[in-house]
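entry-v2.txt follows (compact mmCIF, C-alpha atoms):
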```
# COMPACT_ATOMS: atom_id res chain seq x y z
CA MET A 1 -116.92 -5.06 -6.14
CA LYS A 2 -119.88 -3.17 -7.58
CA ILE A 3 -119.96 0.39 -6.28
CA GLY A 4 -122.84 2.79 -6.82
CA PHE A 5 -122.26 6.48 -6.15
CA ILE A 6 -125.09 8.77 -5.20
CA GLY A 7 -123.49 12.09 -6.05
CA TYR A 8 -121.03 13.33 -8.66
CA GLY A 9 -119.04 16.06 -6.93
CA SER A 10 -115.32 16.34 -6.19
CA MET A 11 -115.31 13.65 -3.51
CA ALA A 12 -117.13 11.19 -5.74
CA GLU A 13 -114.74 11.90 -8.58
CA ALA A 14 -111.61 11.59 -6.43
CA LEU A 15 -112.60 8.25 -4.89
CA ALA A 16 -114.10 6.80 -8.07
CA SER A 17 -110.92 7.57 -9.98
CA LYS A 18 -108.99 5.35 -7.55
CA TRP A 19 -111.46 2.47 -7.74
CA VAL A 20 -112.36 2.40 -11.42
CA ALA A 21 -109.45 0.13 -12.38
CA LYS A 22 -110.40 -2.62 -9.92
CA HIS A 23 -114.15 -2.32 -9.44
CA SER A 24 -117.37 -1.80 -11.39
CA LEU A 25 -118.78 1.70 -10.91
CA PHE A 26 -122.11 3.45 -11.38
CA ILE A 27 -122.56 7.21 -11.00
CA GLY A 28 -126.06 8.25 -9.96
CA GLY A 29 -127.85 11.47 -9.08
CA ARG A 30 -130.83 13.66 -9.78
CA ASP A 31 -128.98 15.53 -12.55
CA ILE A 32 -128.40 12.76 -15.10
CA GLU A 33 -126.26 15.00 -17.30
CA LYS A 34 -123.78 15.61 -14.46
CA ALA A 35 -123.75 11.89 -13.67
CA GLU A 36 -123.05 11.14 -17.32
CA ASN A 37 -120.24 13.69 -17.49
CA LEU A 38 -118.41 12.13 -14.54
CA ALA A 39 -119.00 8.60 -15.80
CA LYS A 40 -117.49 9.48 -19.20
CA LYS A 41 -114.56 11.19 -17.52
CA LEU A 42 -113.83 8.05 -15.51
CA GLY A 43 -113.97 5.66 -18.45
CA LYS A 44 -116.17 3.99 -21.02
CA ASP A 45 -117.18 1.11 -18.73
CA VAL A 46 -118.64 3.34 -15.99
CA GLU A 47 -122.43 3.41 -16.00
CA PHE A 48 -124.66 6.30 -14.95
CA GLY A 49 -128.27 7.08 -14.14
CA SER A 50 -130.58 7.91 -11.26
CA GLU A 51 -130.08 7.50 -7.52
CA LYS A 52 -132.35 4.46 -7.57
CA GLU A 53 -130.37 2.84 -10.36
CA ALA A 54 -127.13 3.47 -8.46
CA ALA A 55 -128.60 1.81 -5.37
CA THR A 56 -129.78 -1.17 -7.39
CA PHE A 57 -126.37 -1.52 -9.05
CA GLY A 58 -124.10 -1.31 -6.04
CA GLU A 59 -123.33 -3.86 -3.39
CA ILE A 60 -121.64 -0.82 -1.88
CA VAL A 61 -123.50 2.49 -2.14
CA VAL A 62 -121.49 5.66 -1.52
CA LEU A 63 -123.45 8.57 -0.09
CA ALA A 64 -121.48 11.36 -1.78
CA THR A 65 -123.97 14.21 -1.55
CA ARG A 66 -123.84 17.26 0.69
CA HIS A 67 -124.70 16.25 4.24
CA GLU A 68 -127.88 18.33 4.10
CA ALA A 69 -129.11 16.20 1.18
CA VAL A 70 -128.29 12.73 2.53
CA PHE A 71 -131.77 11.75 3.65
CA GLU A 72 -133.36 13.18 0.51
CA ALA A 73 -130.89 11.09 -1.51
CA ILE A 74 -131.81 7.97 0.45
CA ASP A 75 -135.48 8.59 -0.34
CA ALA A 76 -134.65 9.12 -4.03
CA ALA A 77 -132.72 5.85 -4.03
CA GLY A 78 -135.84 3.98 -2.97
CA GLY A 79 -135.58 4.27 0.79
CA SER A 80 -135.01 1.52 3.28
CA ASP A 81 -136.37 -1.31 1.13
CA ALA A 82 -134.10 -0.50 -1.83
CA LEU A 83 -131.01 -0.36 0.41
CA THR A 84 -131.65 -3.47 2.47
CA GLY A 85 -128.52 -5.62 2.62
CA LYS A 86 -126.35 -2.95 1.00
CA VAL A 87 -123.17 -1.51 2.46
CA LEU A 88 -123.75 2.24 2.82
CA LEU A 89 -120.50 4.20 2.84
CA ASP A 90 -121.05 7.53 4.57
CA ILE A 91 -118.31 10.03 3.71
CA ASN A 92 -120.19 13.10 4.96
CA ASN A 93 -119.60 15.63 7.72
CA PRO A 94 -122.60 17.42 9.23
CA VAL A 95 -120.64 20.59 9.95
CA ASP A 96 -122.15 24.08 10.08
CA THR A 97 -119.57 26.46 8.64
CA SER A 98 -121.02 29.35 10.67
CA ASP A 99 -119.45 27.94 13.83
CA PHE A 100 -117.64 24.78 12.60
CA LEU A 101 -119.39 22.52 15.07
CA ALA A 102 -120.55 19.04 14.09
CA LYS A 103 -124.31 18.63 14.17
CA SER A 104 -125.69 15.98 16.51
CA TYR A 105 -128.88 14.03 15.83
CA ASP A 106 -130.34 13.71 19.34
CA GLY A 107 -126.94 12.73 20.66
CA VAL A 108 -125.84 10.47 17.82
CA SER A 109 -123.80 10.95 14.67
CA LEU A 110 -125.03 11.42 11.13
CA SER A 111 -123.90 7.86 10.36
CA GLU A 112 -125.99 6.47 13.21
CA GLU A 113 -128.99 8.49 12.10
CA ILE A 114 -128.59 7.03 8.60
CA ALA A 115 -128.53 3.56 10.16
CA LYS A 116 -131.82 4.35 11.93
CA VAL A 117 -133.43 5.39 8.65
CA VAL A 118 -132.07 2.34 6.80
CA PRO A 119 -131.93 -0.28 9.57
CA HIS A 120 -131.31 -3.27 7.30
CA ALA A 121 -128.31 -1.74 5.52
CA HIS A 122 -124.74 -1.84 6.84
CA VAL A 123 -123.49 1.71 7.39
CA VAL A 124 -119.75 2.35 7.52
CA LYS A 125 -118.17 5.74 8.18
CA ALA A 126 -114.93 6.47 6.30
CA PHE A 127 -113.14 8.98 4.04
CA ASN A 128 -114.66 11.94 5.90
CA MET A 129 -111.43 13.33 7.35
CA CYS A 130 -109.87 14.93 4.25
CA GLN A 131 -110.68 17.32 1.43
CA ALA A 132 -111.06 15.86 -2.08
CA SER A 133 -107.59 17.00 -3.17
CA VAL A 134 -106.05 14.63 -0.62
CA TRP A 135 -107.86 11.65 -2.14
CA GLN A 136 -106.58 12.73 -5.55
CA MET A 137 -102.99 12.21 -4.39
CA ASN A 138 -101.36 9.13 -5.87
CA PRO A 139 -100.98 7.84 -3.23
CA PRO A 140 -101.79 9.99 -0.16
CA VAL A 141 -98.39 9.94 1.56
CA PHE A 142 -97.08 12.49 4.06
CA ASP A 143 -93.44 12.52 5.15
CA ALA A 144 -93.02 9.07 3.59
CA ARG A 145 -95.90 7.71 5.67
CA PRO A 146 -99.22 6.61 4.12
CA LEU A 147 -102.34 8.40 5.25
CA VAL A 148 -104.23 6.45 7.90
CA VAL A 149 -107.96 6.26 7.18
CA MET A 150 -110.07 5.61 10.25
CA TYR A 151 -113.37 3.85 9.75
CA CYS A 152 -116.14 2.39 11.89
CA GLY A 153 -119.28 0.30 11.56
CA ASP A 154 -121.32 -2.44 13.18
CA ASN A 155 -120.98 -5.14 10.52
CA GLU A 156 -117.59 -6.84 10.25
CA GLN A 157 -117.97 -8.03 6.66
CA ALA A 158 -119.02 -4.55 5.54
CA LYS A 159 -116.00 -3.05 7.28
CA GLN A 160 -113.70 -5.55 5.60
CA GLN A 161 -115.02 -4.45 2.21
CA ILE A 162 -114.43 -0.79 3.04
CA ALA A 163 -110.92 -1.62 4.30
CA ILE A 164 -110.15 -3.01 0.84
CA LEU A 165 -111.33 0.24 -0.76
CA ILE A 166 -109.18 2.25 1.66
CA GLU A 167 -106.13 0.21 0.70
CA ASP A 168 -107.01 0.63 -2.99
CA VAL A 169 -106.62 4.38 -2.51
CA GLY A 170 -103.11 3.74 -1.19
CA CYS A 171 -103.90 4.34 2.47
CA GLU A 172 -103.64 2.35 5.68
CA ALA A 173 -107.01 1.22 7.03
CA LYS A 174 -107.62 1.64 10.78
CA ASP A 175 -110.76 0.13 12.29
CA ILE A 176 -111.75 2.20 15.33
CA GLY A 177 -114.78 0.13 16.32
CA ASP A 178 -118.56 0.23 16.20
CA LEU A 179 -120.57 2.83 14.30
CA LYS A 180 -121.03 4.86 17.49
CA TYR A 181 -117.45 6.05 17.07
CA ALA A 182 -118.59 8.15 14.13
CA ARG A 183 -119.50 10.52 16.97
CA MET A 184 -115.75 11.09 17.24
CA LEU A 185 -114.85 11.12 13.54
CA GLU A 186 -117.36 13.81 12.59
CA PRO A 187 -116.16 16.40 15.16
CA ALA A 188 -112.54 15.53 14.34
CA ALA A 189 -113.27 16.34 10.70
CA ALA A 190 -114.83 19.62 11.82
CA ILE A 191 -111.40 20.65 13.12
CA VAL A 192 -109.87 20.04 9.69
CA ILE A 193 -112.71 21.92 7.97
CA LYS A 194 -112.23 24.90 10.30
CA LEU A 195 -108.52 24.94 9.48
CA LEU A 196 -109.22 24.78 5.75
CA PHE A 197 -111.67 27.69 5.95
CA SER A 198 -109.09 29.71 7.89
CA GLY A 199 -106.63 29.39 5.02
CA HIS A 200 -104.68 26.22 5.69
CA ASP A 201 -103.41 24.21 2.74
CA PRO A 202 -106.04 21.88 1.17
CA PHE A 203 -103.72 18.97 1.95
CA THR A 204 -104.10 19.53 5.70
CA VAL A 205 -104.87 16.24 7.47
CA LEU A 206 -105.09 14.66 10.89
CA ASN A 207 -103.00 11.51 10.70
CA LEU A 208 -102.06 8.71 13.08
CA ILE A 209 -98.29 8.71 13.31
CA GLN A 210 -96.76 5.46 14.53
CA PRO A 211 -92.99 5.39 14.97
CA GLU A 212 -91.25 2.70 12.99
CA ILE A 213 -90.16 -0.10 15.29
CA LYS A 214 -86.62 -1.29 14.69
CA SER A 215 -84.87 -4.17 16.36
CA ILE A 216 -81.99 -3.12 18.56
CA GLN A 217 -78.89 -5.22 18.24
CA ASN A 218 -76.27 -5.29 20.96
```
Now, as a test, write the supplied structure out as structure tokens.
Amino acid sequence: MKIGFIGYGSMAEALASKWVAKHSLFIGGRDIEKAENLAKKLGKDVEFGSEKEAATFGEIVVLATRHEAVFEAIDAAGGSDALTGKVLLDINNPVDTSDFLAKSYDGVSLSEEIAKVVPHAHVVKAFNMCQASVWQMNPPVFDARPLVVMYCGDNEQAKQQIAILIEDVGCEAKDIGDLKYARMLEPAAAIVIKLLFSGHDPFTVLNLIQPEIKSIQN
């Protein structure tokens, strides 16, 4: 797949490093030098440039900016027209660290608000539940169990593509339903963020633990 990143921070680097071997990547942002630095760090075949170039390149576009800058980044990428038909992967959490509550956009999630702004793109929420250091693990396994990555969206084909990327990171993909369920993922991530700010280990996660089922022989 062709994946365009808008953003070049720790989350972008962690995820891109897991996908670079299997997919074509483009690192984009307003600071071209920072985009170039990450692209070169990832490998000689990774391209770099502006937000608009990243959006043009990617069949999947990763919104890897700070949550406060998401809509500005969408505008810089060319807005709704430039992102029509694209899969938009939203990895953000609109959490105010003054009180660690997830921001609501007139009762809906950040992901749903993005879908309103770019109605002809396919928004999928995923990878928002962990700090970048978790995605750097190879693979993210806790007590011999792979990390479960919950994701949601309204387009089945788009979700299938994101499920592949989740599995490429070494995780188990768990579809929790339509995009409206991002209203649950964002506050759940706020709990993790609050724990991290209170001094918990960066590898703190919320995981779905499913007991192994073994056949019982008489």
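Taking atom CA of Lys41 of chain A as the reference point, atom CA of Gln136 of chain A is found at 14.5 Å.
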Would you list the residues near (-133.2, 6.0, -1.9), meaning any protein, DNA or RNA residue with an atom at most 10 Å from that point in file coordinates, counting all atoms listed in the file, as a CSV table (one decimal) with C-alpha atoms, in the frame of the given file?
```csv
chain,number,residue,atom,x,y,z
A,6,ILE,CA,-125.1,8.8,-5.2
A,50,SER,CA,-130.6,7.9,-11.3
A,51,GLU,CA,-130.1,7.5,-7.5
A,52,LYS,CA,-132.4,4.5,-7.6
A,53,GLU,CA,-130.4,2.8,-10.4
A,54,ALA,CA,-127.1,3.5,-8.5
A,55,ALA,CA,-128.6,1.8,-5.4
A,56,THR,CA,-129.8,-1.2,-7.4
A,70,VAL,CA,-128.3,12.7,2.5
A,71,PHE,CA,-131.8,11.8,3.6
A,72,GLU,CA,-133.4,13.2,0.5
A,73,ALA,CA,-130.9,11.1,-1.5
A,74,ILE,CA,-131.8,8.0,0.4
A,75,ASP,CA,-135.5,8.6,-0.3
A,76,ALA,CA,-134.6,9.1,-4.0
A,77,ALA,CA,-132.7,5.8,-4.0
A,78,GLY,CA,-135.8,4.0,-3.0
A,79,GLY,CA,-135.6,4.3,0.8
A,80,SER,CA,-135.0,1.5,3.3
A,81,ASP,CA,-136.4,-1.3,1.1
A,82,ALA,CA,-134.1,-0.5,-1.8
A,83,LEU,CA,-131.0,-0.4,0.4
A,118,VAL,CA,-132.1,2.3,6.8
```
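Restricting the calculation to all atoms listed in the file, the smallest distance between Ala16 of chain A and any of A:Asp99, A:Glu47, A:Asp31, A:Asp154 is found for A:Glu47.
Atom CA of Trp135 of chain A is positioned 8.4 Å from atom CA of Lys18 of chain A.
As for atom CA of Lys22 of chain A and atom CA of Phe127 of chain A, they are spaced 18.4 Å apart.
Within 9 Å of segment 138-145 of chain A, once all atoms listed in the file are used and residues closer than 2 positions along the same chain are dropped, the contacting residues are Lys18, Val134, Trp135, Gln136, Leu147, Val148, Val169, Gly170, Cys171, Asn207 and Ile209 of chain A.
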Since we have the selection now, will you write its residues out, keeping C-alpha atoms, as a short mmCIF file (atom, residue, chain, number, x, y, z; two decimals), in the frame of the given file?
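Final output, again.cif:
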```
data_model
loop_
_atom_site.label_atom_id
_atom_site.label_comp_id
_atom_site.auth_asym_id
_atom_site.auth_seq_id
_atom_site.Cartn_x
_atom_site.Cartn_y
_atom_site.Cartn_z
CA LYS A 18 -108.99 5.35 -7.55
CA VAL A 134 -106.05 14.63 -0.62
CA TRP A 135 -107.86 11.65 -2.14
CA GLN A 136 -106.58 12.73 -5.55
CA LEU A 147 -102.34 8.40 5.25
CA VAL A 148 -104.23 6.45 7.90
CA VAL A 169 -106.62 4.38 -2.51
CA GLY A 170 -103.11 3.74 -1.19
CA CYS A 171 -103.90 4.34 2.47
CA ASN A 207 -103.00 11.51 10.70
CA ILE A 209 -98.29 8.71 13.31
#
```
>> I need the residue nearest Ala163 of chain A from this list: A:Pro119, A:Ser109, A:Ala126, A:Ser10. Use only C-alpha atoms for the distance.
In response: A:Ala126
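Closest approach to Glu172 of chain A from the set A:Leu15, A:Ala64, A:Met150, A:Leu38 is made by A:Met150, with distances taken over only C-alpha atoms.
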